[in-house]
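**Student:** Coordinates in work11.tsv, TSV, N, CA and C atoms, are listed below.
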chain	number	residue	atom	x	y	z
A	1	MET	N	39.71	-72.80	89.93
A	1	MET	CA	40.95	-73.30	90.48
A	1	MET	C	41.07	-72.91	91.94
A	2	VAL	N	41.60	-73.79	92.72
A	2	VAL	CA	41.79	-73.53	94.14
A	2	VAL	C	43.27	-73.28	94.38
A	3	PRO	N	43.60	-72.21	95.09
A	3	PRO	CA	45.02	-71.98	95.41
A	3	PRO	C	45.60	-73.18	96.15
A	4	ARG	N	46.84	-73.48	95.86
A	4	ARG	CA	47.51	-74.63	96.45
A	4	ARG	C	47.48	-74.61	97.97
A	5	GLU	N	47.57	-73.43	98.57
A	5	GLU	CA	47.63	-73.36	100.03
A	5	GLU	C	46.28	-73.54	100.73
A	6	PHE	N	45.20	-73.62	99.96
A	6	PHE	CA	43.88	-73.84	100.54
A	6	PHE	C	43.82	-75.24	101.11
A	7	GLU	N	43.42	-75.38	102.36
A	7	GLU	CA	43.37	-76.69	103.00
A	7	GLU	C	41.94	-77.18	103.11
A	8	PHE	N	41.69	-78.38	102.65
A	8	PHE	CA	40.37	-78.98	102.76
A	8	PHE	C	40.30	-79.78	104.06
A	9	GLY	N	39.11	-79.91	104.58
A	9	GLY	CA	38.91	-80.75	105.76
A	9	GLY	C	39.37	-80.12	107.05
A	10	ALA	N	39.33	-78.80	107.13
A	10	ALA	CA	39.72	-78.14	108.38
A	10	ALA	C	38.71	-78.47	109.48
A	11	PRO	N	39.14	-78.44	110.72
A	11	PRO	CA	38.22	-78.73	111.82
A	11	PRO	C	37.04	-77.77	111.83
A	12	GLU	N	35.90	-78.26	112.27
A	12	GLU	CA	34.70	-77.44	112.33
A	12	GLU	C	34.96	-76.19	113.18
A	13	GLY	N	34.48	-75.07	112.69
A	13	GLY	CA	34.65	-73.82	113.41
A	13	GLY	C	35.93	-73.07	113.09
A	14	SER	N	36.83	-73.69	112.33
A	14	SER	CA	38.06	-73.00	111.99
A	14	SER	C	37.82	-72.09	110.78
A	15	ALA	N	38.57	-71.04	110.71
A	15	ALA	CA	38.43	-70.10	109.59
A	15	ALA	C	39.33	-70.54	108.44
A	16	GLN	N	38.80	-70.49	107.24
A	16	GLN	CA	39.60	-70.79	106.06
A	16	GLN	C	39.52	-69.59	105.15
A	17	SER	N	40.62	-69.27	104.55
A	17	SER	CA	40.65	-68.15	103.62
A	17	SER	C	40.10	-68.59	102.27
A	18	THR	N	39.21	-67.79	101.73
A	18	THR	CA	38.70	-68.04	100.39
A	18	THR	C	39.32	-67.07	99.40
A	19	ALA	N	40.34	-66.33	99.86
A	19	ALA	CA	41.02	-65.37	98.99
A	19	ALA	C	41.55	-66.09	97.75
A	20	GLY	N	41.29	-65.52	96.61
A	20	GLY	CA	41.79	-66.10	95.36
A	20	GLY	C	40.82	-67.06	94.71
A	21	ILE	N	39.77	-67.47	95.39
A	21	ILE	CA	38.78	-68.37	94.79
A	21	ILE	C	37.74	-67.50	94.10
A	22	GLU	N	37.68	-67.57	92.80
A	22	GLU	CA	36.76	-66.76	92.01
A	22	GLU	C	35.45	-67.48	91.71
A	23	MET	N	35.52	-68.84	91.60
A	23	MET	CA	34.33	-69.58	91.24
A	23	MET	C	34.46	-71.03	91.70
A	24	VAL	N	33.34	-71.57	92.14
A	24	VAL	CA	33.23	-73.00	92.44
A	24	VAL	C	32.34	-73.58	91.35
A	25	VAL	N	32.76	-74.71	90.76
A	25	VAL	CA	31.98	-75.37	89.71
A	25	VAL	C	31.67	-76.78	90.17
A	26	GLU	N	30.40	-77.14	90.11
A	26	GLU	CA	29.98	-78.47	90.54
A	26	GLU	C	28.91	-79.02	89.61
A	27	VAL	N	28.79	-80.34	89.66
A	27	VAL	CA	27.68	-81.06	89.03
A	27	VAL	C	26.86	-81.62	90.18
A	28	THR	N	25.53	-81.55	90.07
A	28	THR	CA	24.71	-82.04	91.18
A	28	THR	C	25.08	-83.47	91.52
A	29	SER	N	25.07	-83.71	92.81
A	29	SER	CA	25.41	-85.01	93.36
A	29	SER	C	24.16	-85.86	93.52
A	30	SER	N	24.28	-86.93	94.28
A	30	SER	CA	23.10	-87.76	94.58
A	30	SER	C	22.19	-87.05	95.59
A	31	ASN	N	22.66	-85.93	96.13
A	31	ASN	CA	21.86	-85.12	97.04
A	31	ASN	C	21.77	-83.70	96.47
A	32	PRO	N	21.02	-83.51	95.38
A	32	PRO	CA	21.00	-82.21	94.71
A	32	PRO	C	20.44	-81.08	95.57
A	33	ASP	N	19.56	-81.39	96.51
A	33	ASP	CA	19.01	-80.33	97.37
A	33	ASP	C	20.12	-79.68	98.20
A	34	ASN	N	21.11	-80.45	98.60
A	34	ASN	CA	22.26	-79.91	99.32
A	34	ASN	C	23.08	-78.98	98.42
A	35	ASP	N	23.27	-79.38	97.15
A	35	ASP	CA	24.01	-78.55	96.20
A	35	ASP	C	23.28	-77.24	95.93
A	36	ARG	N	21.96	-77.31	95.82
A	36	ARG	CA	21.15	-76.13	95.51
A	36	ARG	C	20.92	-75.24	96.73
A	37	GLY	N	21.02	-75.81	97.93
A	37	GLY	CA	20.67	-75.08	99.14
A	37	GLY	C	21.83	-74.80	100.07
A	38	ALA	N	22.22	-75.80	100.83
A	38	ALA	CA	23.24	-75.61	101.88
A	38	ALA	C	24.58	-75.15	101.30
A	39	LYS	N	25.03	-75.80	100.23
A	39	LYS	CA	26.31	-75.39	99.64
A	39	LYS	C	26.22	-73.98	99.07
A	40	ARG	N	25.14	-73.71	98.39
A	40	ARG	CA	24.92	-72.38	97.81
A	40	ARG	C	25.01	-71.30	98.89
A	41	ARG	N	24.32	-71.49	100.00
A	41	ARG	CA	24.34	-70.50	101.08
A	41	ARG	C	25.71	-70.43	101.75
A	42	ALA	N	26.38	-71.56	101.87
A	42	ALA	CA	27.71	-71.57	102.48
A	42	ALA	C	28.71	-70.80	101.62
A	43	TYR	N	28.69	-71.06	100.31
A	43	TYR	CA	29.61	-70.35	99.41
A	43	TYR	C	29.31	-68.86	99.41
A	44	ALA	N	28.03	-68.49	99.37
A	44	ALA	CA	27.67	-67.07	99.40
A	44	ALA	C	28.10	-66.44	100.73
A	45	GLY	N	27.92	-67.18	101.80
A	45	GLY	CA	28.25	-66.68	103.13
A	45	GLY	C	29.71	-66.33	103.33
A	46	VAL	N	30.59	-67.05	102.62
A	46	VAL	CA	32.03	-66.75	102.74
A	46	VAL	C	32.50	-65.86	101.60
A	47	GLY	N	31.56	-65.41	100.75
A	47	GLY	CA	31.90	-64.42	99.73
A	47	GLY	C	32.53	-64.94	98.45
A	48	ILE	N	32.35	-66.23	98.15
A	48	ILE	CA	32.86	-66.73	96.88
A	48	ILE	C	32.02	-66.09	95.77
A	49	PRO	N	32.65	-65.36	94.83
A	49	PRO	CA	31.91	-64.56	93.86
A	49	PRO	C	30.94	-65.33	92.97
A	50	LEU	N	31.33	-66.52	92.53
A	50	LEU	CA	30.50	-67.27	91.58
A	50	LEU	C	30.42	-68.73	91.97
A	51	TYR	N	29.24	-69.31	91.80
A	51	TYR	CA	29.02	-70.75	91.99
A	51	TYR	C	28.25	-71.21	90.76
A	52	LEU	N	28.87	-72.07	89.97
A	52	LEU	CA	28.26	-72.59	88.75
A	52	LEU	C	27.86	-74.04	89.00
A	53	LEU	N	26.59	-74.33	88.84
A	53	LEU	CA	26.07	-75.67	89.12
A	53	LEU	C	25.43	-76.26	87.87
A	54	ALA	N	25.96	-77.36	87.38
A	54	ALA	CA	25.32	-78.12	86.31
A	54	ALA	C	24.34	-79.07	87.00
A	55	ASP	N	23.07	-78.77	86.86
A	55	ASP	CA	22.02	-79.51	87.56
A	55	ASP	C	21.49	-80.61	86.64
A	56	ARG	N	21.94	-81.83	86.89
A	56	ARG	CA	21.56	-82.97	86.04
A	56	ARG	C	20.09	-83.30	86.14
A	57	GLN	N	19.54	-83.17	87.33
A	57	GLN	CA	18.14	-83.53	87.54
A	57	GLN	C	17.20	-82.54	86.86
A	58	ARG	N	17.50	-81.27	86.93
A	58	ARG	CA	16.65	-80.24	86.33
A	58	ARG	C	17.05	-79.89	84.90
A	59	LYS	N	18.15	-80.51	84.45
A	59	LYS	CA	18.66	-80.28	83.09
A	59	LYS	C	18.88	-78.80	82.79
A	60	GLU	N	19.60	-78.15	83.72
A	60	GLU	CA	19.91	-76.74	83.54
A	60	GLU	C	21.27	-76.42	84.15
A	61	THR	N	21.84	-75.33	83.68
A	61	THR	CA	23.07	-74.80	84.26
A	61	THR	C	22.68	-73.54	85.02
A	62	VAL	N	23.10	-73.46	86.27
A	62	VAL	CA	22.71	-72.35	87.12
A	62	VAL	C	23.96	-71.60	87.55
A	63	LEU	N	23.96	-70.29	87.31
A	63	LEU	CA	25.04	-69.44	87.78
A	63	LEU	C	24.53	-68.62	88.95
A	64	PHE	N	25.15	-68.83	90.10
A	64	PHE	CA	24.86	-68.05	91.29
A	64	PHE	C	25.94	-66.97	91.37
A	65	SER	N	25.54	-65.70	91.44
A	65	SER	CA	26.50	-64.60	91.42
A	65	SER	C	26.07	-63.51	92.39
A	66	GLU	N	26.92	-62.51	92.53
A	66	GLU	CA	26.64	-61.35	93.39
A	66	GLU	C	26.25	-61.76	94.80
A	67	PRO	N	27.15	-62.45	95.52
A	67	PRO	CA	26.81	-62.89	96.87
A	67	PRO	C	26.52	-61.70	97.80
A	68	GLY	N	25.51	-61.89	98.62
A	68	GLY	CA	25.17	-60.88	99.61
A	68	GLY	C	24.05	-61.38	100.50
A	69	HIS	N	24.14	-61.06	101.77
A	69	HIS	CA	23.13	-61.47	102.75
A	69	HIS	C	22.92	-62.99	102.77
A	70	GLY	N	24.02	-63.75	102.56
A	70	GLY	CA	23.95	-65.20	102.66
A	70	GLY	C	23.36	-65.93	101.48
A	71	ASP	N	23.18	-65.24	100.36
A	71	ASP	CA	22.64	-65.91	99.17
A	71	ASP	C	23.16	-65.21	97.91
A	72	TYR	N	22.74	-65.71	96.77
A	72	TYR	CA	23.20	-65.21	95.48
A	72	TYR	C	22.03	-64.76	94.60
A	73	ALA	N	22.34	-63.96	93.61
A	73	ALA	CA	21.44	-63.75	92.48
A	73	ALA	C	21.55	-65.00	91.61
A	74	VAL	N	20.47	-65.38	90.93
A	74	VAL	CA	20.43	-66.65	90.19
A	74	VAL	C	20.13	-66.41	88.72
A	75	THR	N	20.93	-67.07	87.86
A	75	THR	CA	20.68	-67.10	86.42
A	75	THR	C	20.69	-68.56	85.99
A	76	ALA	N	19.58	-69.05	85.44
A	76	ALA	CA	19.48	-70.45	85.02
A	76	ALA	C	19.26	-70.51	83.52
A	77	ARG	N	19.91	-71.49	82.89
A	77	ARG	CA	19.77	-71.73	81.46
A	77	ARG	C	19.61	-73.24	81.24
A	78	PRO	N	18.82	-73.65	80.25
A	78	PRO	CA	18.75	-75.07	79.93
A	78	PRO	C	20.14	-75.59	79.55
A	79	LEU	N	20.43	-76.83	79.93
A	79	LEU	CA	21.72	-77.42	79.55
A	79	LEU	C	21.92	-77.28	78.05
A	80	GLY	N	23.10	-76.89	77.65
A	80	GLY	CA	23.43	-76.72	76.24
A	80	GLY	C	23.35	-75.28	75.76
A	81	GLU	N	22.65	-74.42	76.51
A	81	GLU	CA	22.60	-73.00	76.15
A	81	GLU	C	23.77	-72.27	76.79
A	82	PRO	N	24.33	-71.26	76.12
A	82	PRO	CA	25.46	-70.52	76.68
A	82	PRO	C	25.11	-69.86	78.02
A	83	VAL	N	26.09	-69.85	78.91
A	83	VAL	CA	25.96	-69.19	80.20
A	83	VAL	C	27.01	-68.09	80.24
A	84	PRO	N	26.58	-66.82	80.20
A	84	PRO	CA	27.56	-65.74	80.26
A	84	PRO	C	28.19	-65.63	81.64
A	85	LEU	N	29.50	-65.66	81.68
A	85	LEU	CA	30.24	-65.52	82.93
A	85	LEU	C	30.73	-64.09	83.06
A	86	PRO	N	30.51	-63.46	84.22
A	86	PRO	CA	30.97	-62.08	84.41
A	86	PRO	C	32.48	-62.03	84.69
A	87	GLU	N	32.97	-60.82	84.94
A	87	GLU	CA	34.37	-60.62	85.34
A	87	GLU	C	34.69	-61.54	86.51
A	88	PRO	N	35.84	-62.09	86.62
A	88	PRO	CA	37.02	-61.87	85.81
A	88	PRO	C	37.10	-62.78	84.58
A	89	PHE	N	36.05	-63.51	84.29
A	89	PHE	CA	36.07	-64.45	83.17
A	89	PHE	C	35.65	-63.80	81.86
A	90	SER	N	34.52	-63.14	81.84
A	90	SER	CA	34.04	-62.37	80.69
A	90	SER	C	33.95	-63.17	79.39
A	91	PHE	N	33.35	-64.34	79.46
A	91	PHE	CA	33.06	-65.11	78.25
A	91	PHE	C	31.83	-65.95	78.52
A	92	ALA	N	31.27	-66.51	77.46
A	92	ALA	CA	30.10	-67.38	77.61
A	92	ALA	C	30.57	-68.82	77.61
A	93	LEU	N	30.18	-69.54	78.62
A	93	LEU	CA	30.46	-70.96	78.72
A	93	LEU	C	29.33	-71.67	78.00
A	94	ASP	N	29.67	-72.43	76.97
A	94	ASP	CA	28.60	-73.05	76.20
A	94	ASP	C	28.78	-74.55	76.06
A	95	ASP	N	27.71	-75.17	75.63
A	95	ASP	CA	27.65	-76.60	75.34
A	95	ASP	C	27.92	-77.47	76.56
A	96	ILE	N	27.33	-77.10	77.70
A	96	ILE	CA	27.40	-77.97	78.89
A	96	ILE	C	26.29	-78.99	78.75
A	97	ARG	N	26.65	-80.25	78.68
A	97	ARG	CA	25.64	-81.33	78.59
A	97	ARG	C	26.05	-82.49	79.44
Since I need it in another form, could you write the structure as structure tokens?
**Tutor:**
Amino acid sequence: MVPREFEFGAPEGSAQSTAGIEMVVEVTSSNPDNDRGAKRRAYAGVGIPLYLLADRQRKETVLFSEPGHGDYAVTARPLGEPVPLPEPFSFALDDIR
């Protein structure tokens, strides 16, 4: 969930607060390399704790966690297998297809 006060489409170079954003969830787009690369590094760079990507092309669910040094630790599971989510969620997300 994104806090109501978060503004999308800010001018380039402006600072946006990511306070309160615990996780970004996406499904790969028509440009999956951007989802796996540029977006991943951007989210890690601003300290978003978790990025969950349902990768349609690779048929896997990928949890990017523990942001640091501009990237994440990676946990990948085949689509349909449970994905354990850490705090503050603390449950397994299952049956993503």
**Student:** Using only C-alpha atoms, pick whichever of A:Leu50, A:Leu85, A:Val25, A:Ala42 has the shortest atom-to-atom distance to A:Glu66.
**Tutor:**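 Smallest separation from A:Glu66 among the options: A:Leu50.
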**Student:** Given the point (24.5, -79.9, 88.8) in the file's coordinates, find the residues that have an atom at most 7 Å from it, counting only C-alpha atoms, and give them as a list in words.
**Tutor:**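 It turns out the residues near that spot are Glu26, Val27, Thr28, Ser29, Leu53, Ala54, Asp55, Arg56 and Thr61 of chain A.
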**Student:** Do you have the atom C of A:Glu60-atom N of A:Glu81 distance handy?
**Tutor:**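 If I compute the distance from atom C of A:Glu60 to atom N of A:Glu81, I get 8.0 Å.
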**Student:** Which is closest to A:Ile48 among A:Asn31, A:Glu22, A:Glu87, A:His69, if we use only C-alpha atoms?
**Tutor:**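 Ranked by minimum distance to A:Ile48, first place goes to A:Glu22.
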**Student:** For the strand (DSSP E or B) assignment from backbone DSSP, which residues of chain A qualify? Please present them as an MDAnalysis selection string.
**Tutor:** chainID A and resid 23:27 50:55 60:68 71:78 83:85 91:93
**Student:** I'd like to know which of A:Ser90, A:Thr18, A:Ser30, A:Ser65 is closest to A:Leu52, using all atoms listed in the file.
**Tutor:**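 Closest candidate: A:Ser65.
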**Student:** Could you work out how far atom CA of A:Arg58 lies from atom C of A:Pro78, giving the answer in Å with one decimal?
**Tutor:**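 We find that atom C of A:Pro78 and atom CA of A:Arg58 lie 8.9 Å from each other.
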**Student:** In Å to one decimal, how far is atom C of A:Ser17 from atom N of A:Leu93?
**Tutor:**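 About the pair atom N of A:Leu93 and atom C of A:Ser17: they are 25.7 Å apart.
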**Student:** Assign secondary structure with DSSP using the backbone only, and return the residues of chain A in alpha helix (DSSP H) as a compact mmCIF listing (two decimals) with N, CA and C atoms, in the coordinates of the input.
**Tutor:**
# COMPACT_ATOMS: atom_id res chain seq x y z
N PRO A 32 21.02 -83.51 95.38
CA PRO A 32 21.00 -82.21 94.71
C PRO A 32 20.44 -81.08 95.57
N ASP A 33 19.56 -81.39 96.51
CA ASP A 33 19.01 -80.33 97.37
C ASP A 33 20.12 -79.68 98.20
N ASN A 34 21.11 -80.45 98.60
CA ASN A 34 22.26 -79.91 99.32
C ASN A 34 23.08 -78.98 98.42
N ASP A 35 23.27 -79.38 97.15
CA ASP A 35 24.01 -78.55 96.20
C ASP A 35 23.28 -77.24 95.93
N ARG A 36 21.96 -77.31 95.82
CA ARG A 36 21.15 -76.13 95.51
C ARG A 36 20.92 -75.24 96.73
N ALA A 38 22.22 -75.80 100.83
CA ALA A 38 23.24 -75.61 101.88
C ALA A 38 24.58 -75.15 101.30
N LYS A 39 25.03 -75.80 100.23
CA LYS A 39 26.31 -75.39 99.64
C LYS A 39 26.22 -73.98 99.07
N ARG A 40 25.14 -73.71 98.39
CA ARG A 40 24.92 -72.38 97.81
C ARG A 40 25.01 -71.30 98.89
N ARG A 41 24.32 -71.49 100.00
CA ARG A 41 24.34 -70.50 101.08
C ARG A 41 25.71 -70.43 101.75
N ALA A 42 26.38 -71.56 101.87
CA ALA A 42 27.71 -71.57 102.48
C ALA A 42 28.71 -70.80 101.62
N TYR A 43 28.69 -71.06 100.31
CA TYR A 43 29.61 -70.35 99.41
C TYR A 43 29.31 -68.86 99.41
N ALA A 44 28.03 -68.49 99.37
CA ALA A 44 27.67 -67.07 99.40
C ALA A 44 28.10 -66.44 100.73
N GLY A 45 27.92 -67.18 101.80
CA GLY A 45 28.25 -66.68 103.13
C GLY A 45 29.71 -66.33 103.33
**Student:** Identify which of the residues A:Phe89, A:Ala44, A:Arg36, A:Ala19 lies closest to A:Tyr72, counting only N, CA and C atoms when measuring atom-to-atom distances.
**Tutor:**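 Among the listed residues, the smallest separation from A:Tyr72 belongs to A:Ala44.
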